[in-house]
Amino acid sequence: MPLWTLHGNGRTVEPGAVVAPSERLSWPATIAMGVQHVVAMFGATFLVPTITGFPVSTTLLFSGLGTLLFLLVTKNRLPSYLGSSFAFIAPVTAATASAGMGSALAGIVAVGVLLALVGLVVQFAGLGWVDGLMPPVVAGAIVALIGFNLAPVAWTSFSGAPVTATVTLAAVILFAVLFKGFLGRISIFLGVIVGYVFAAITGELDFTAVGEAAWIGLPEFHLPDFASAGTWSAIAMFLPVVLVLVAENVGHVRGVATMTDSSVNQHTGRALIADGAATTLAGLGGGSGTTTYGENIGVMAATRVYSTAVYWVAGLVAILLAFSPKIGAIFNSIPGGVLGGVTTALYGLIGIIGIKIWVDNRVDFSRPVNQYTAAVALVIGIAQFTMKWDGFELGAIVIGAVAALVIYHLGNLIARARRTGADDGGPIPAVGPLGGDPQD
């Protein structure tokens with residue numbers, strides 16, 4: 001494992017320069033930036049266990065441990081923080097309701113193992129087969145349906161305290177459009193704070209558990225349950241999450257490579273293996289599944305510091321915070337109305353990420369195969385289709401993902417054999433400038 005070399009004078013980064021993964025600034029500066037990365041990921045990472053009912057401190061612990069494991073597996077060459085993945089919210093919520101937390105943890109373990117196996121294949125065979133299996137129209141449909149499938153969950157929380165939820169949602173949107181840079185990126189976290197304060201003013205908070213919690217103590221651990229009858233049908237709901245994690249990790253690696261050195265792309269397989277191992281570890285102990293975090297990419301882009309030393313600090317700080325039950329109790333005291341407001345935005349944003357995949361890749365929706373791939377998958381996800389037989393149940397995420405894959409690949413096969421022109425003809429030609437960049 002390479003040691004870090006000091007970048008310049010250790011205090012500043014020259015204009016146009018970056019602090020490479022194998023470099024570091026002075027240790028005081030490195031520690032400060034590590035803490036900054038913890039702050040950046042905190043807002044999103046604590047939301048997943050808060051929404052799903054998992055222990056916050058335990059999730060934070062495995063987030064820190066997962067980050068250190070990621071650095072080890074990638075040979076200390078790929079800067080990344082592993083936080084809670086929003087893609088797990090839908091299957092965890094459904095599995096916990098139908099079969100209990102143990103079955104949900106079994107699903108997280110299954111995703112981690114499968115993701116690691118995908119990483120092994122990518123490490124030796126490359127990414128071409130992933131792109132062939134999951135072209136943009138399919139990838140976008142699966143990501144979008146995962147977000148939109150959660151809409152009823154958001155409404156349930158929202159309707160319980162609509163005024164608090166509306167204040168929270170308005171704050172999230174306002175901060176997103178009001179601030180630039182880092183503050184804009186943590187608009188969800190800031191919105192939660194505003195909603196929390198509003199809930200305190202209106203008497204919606206219960207601090208009993210916070211007052212009783214100790215400042216220092218062990219996180220709450222839970223084991224996966226592979227023996228219960230409902231576990232294996234619950235696990236099926238988690239499998240499409242693997243596709244999301246592949247897309248997130250690949251995007252993270254490519255983003256870092258663009259900002260630092262193209263050679264970083266050769267670590268894509270290791271990144272998938274590492275995230276798979278970290279997700280498996282979290283599932284075995286009661287934490288939420290992990291993924292690489294866009295919030296932390298934003299911090300790196302703003303600071304131009306890509307040193308992996310910063311992430312070692314961030315991982316260690318997260319682990320230390322996990323051993324404070326009082327911190328976990330504070331997050332668990334967030335009222336349902338606040339969660340309803342923030343999840344209304346959050347779940348919708350997950351869906352929009354899928355749509356963005358279509359836009360970025362200029363998917364041609366004049367072609368029937370693409371139309372039906374997206375249309376059927378989204379309706380299945382939003383309407384929460386289910387299929388049951390002999391005690392086995394498939395949820396909307398699984399059904400929608402399978403539908404997207406089958407419609408796309410079988411539809412293309414038939415359309416091309418018949419030469420009907422209904423197949424996916426590739427990206428539509430660009431007409432004029434793309435995007436919304438301001439014009440001088």
# chains A, B, ... in the order shown; residues from 1 in each chain; ligands from 1
call {"tool": "residues_around", "arguments": {"residues": "Gly140 in chain A", "least_positions_apart": "6", "cutoff": "6 Å", "atoms": "only C-alpha atoms", "output": "CSV table (one decimal) with N, CA, C and O atoms, in the first residue's frame"}}
result
chain,number,residue,atom,x,y,z
A,354,GLY,N,-33.2,8.5,-12.3
A,354,GLY,CA,-33.4,7.6,-13.4
A,354,GLY,C,-33.8,8.3,-14.6
A,354,GLY,O,-33.3,7.9,-15.7
A,355,ILE,N,-34.6,9.3,-14.5
A,355,ILE,CA,-35.0,10.1,-15.7
A,355,ILE,C,-33.8,10.8,-16.3
A,355,ILE,O,-33.6,10.9,-17.5
A,357,ILE,N,-30.8,9.7,-16.3
A,357,ILE,CA,-30.1,8.7,-17.1
A,357,ILE,C,-30.6,8.7,-18.5
A,357,ILE,O,-29.8,8.6,-19.5
A,358,TRP,N,-31.9,8.8,-18.7
A,358,TRP,CA,-32.5,8.8,-20.1
A,358,TRP,C,-32.1,10.1,-20.8
A,358,TRP,O,-31.7,10.0,-22.0
call {"tool": "residues_around", "arguments": {"residues": "Phe70 in chain A", "least_positions_apart": "2", "cutoff": "12 Å", "atoms": "only C-alpha atoms", "output": "PyMOL selection string"}}
result
chain A and resi 62-68+72-83+116+249+267-279+281+290-292+308+311-312+315
call {"tool": "closest_residue", "arguments": {"among": "A:Ile297, A:Leu145, A:Ala282, A:Leu150", "to": "Ala375 in chain A", "atoms": "only C-alpha atoms"}}
result
A:Leu145
call {"tool": "residues_around", "arguments": {"residues": "range 187-199 of chain A", "least_positions_apart": "5", "cutoff": "6 Å", "atoms": "only C-alpha atoms", "output": "JSON list (two decimals) with N, CA, C and O atoms, in the first residue's frame"}}
result
[["chain", "number", "residue", "atom", "x", "y", "z"],
["A", 43, "GLY", "N", -25.97, 14.03, 6.72],
["A", 43, "GLY", "CA", -27.37, 14.32, 6.46],
["A", 43, "GLY", "C", -28.09, 13.22, 5.72],
["A", 43, "GLY", "O", -29.22, 12.86, 6.06],
["A", 168, "THR", "N", -40.90, 21.68, 6.27],
["A", 168, "THR", "CA", -39.65, 20.97, 6.00],
["A", 168, "THR", "C", -39.36, 20.90, 4.51],
["A", 168, "THR", "O", -38.25, 21.19, 4.06],
["A", 171, "ALA", "N", -38.37, 24.23, 3.12],
["A", 171, "ALA", "CA", -37.00, 24.58, 3.50],
["A", 171, "ALA", "C", -35.98, 23.86, 2.64],
["A", 171, "ALA", "O", -34.97, 24.44, 2.23],
["A", 172, "VAL", "N", -36.22, 22.57, 2.37],
["A", 172, "VAL", "CA", -35.31, 21.80, 1.52],
["A", 172, "VAL", "C", -35.17, 22.46, 0.15],
["A", 172, "VAL", "O", -34.05, 22.66, -0.36],
["A", 175, "PHE", "N", -33.37, 26.03, 0.36],
["A", 175, "PHE", "CA", -31.91, 25.95, 0.54],
["A", 175, "PHE", "C", -31.23, 25.48, -0.74],
["A", 175, "PHE", "O", -30.12, 25.91, -1.06],
["A", 176, "ALA", "N", -31.89, 24.59, -1.48],
["A", 176, "ALA", "CA", -31.29, 24.07, -2.72],
["A", 176, "ALA", "C", -31.12, 25.15, -3.77],
["A", 176, "ALA", "O", -30.16, 25.14, -4.55],
["A", 204, "GLU", "N", -44.00, 19.01, 19.09],
["A", 204, "GLU", "CA", -44.11, 17.66, 18.51],
["A", 204, "GLU", "C", -42.96, 16.74, 18.90],
["A", 204, "GLU", "O", -42.96, 15.57, 18.53],
["A", 338, "VAL", "N", -41.51, 15.71, 9.89],
["A", 338, "VAL", "CA", -40.24, 16.14, 9.29],
["A", 338, "VAL", "C", -39.79, 15.12, 8.26],
["A", 338, "VAL", "O", -39.37, 15.48, 7.14]]
call {"tool": "residues_around", "arguments": {"residues": "Val317 in chain A", "least_positions_apart": "3", "cutoff": "9 Å", "atoms": "only C-alpha atoms", "output": "list in words"}}
result
Gly34, Val35, Val38, Gly64, Trp312, Val313, Ala314, Leu320, Leu321 and Ala322 of chain A
call {"tool": "write_last_selection", "arguments": {"atoms": "C-alpha atoms", "output": "tab-separated table (two decimals), in the first residue's frame"}}
result
chain	number	residue	atom	x	y	z
A	34	GLY	CA	-11.92	14.38	7.13
A	35	VAL	CA	-14.40	15.85	9.61
A	38	VAL	CA	-18.36	13.26	7.79
A	64	GLY	CA	-17.12	4.10	8.93
A	312	TRP	CA	-9.19	7.33	6.65
A	313	VAL	CA	-9.83	10.23	9.02
A	314	ALA	CA	-13.51	10.41	8.00
A	320	LEU	CA	-16.09	7.19	17.12
A	321	LEU	CA	-19.46	8.96	16.74
A	322	ALA	CA	-21.21	5.58	16.52
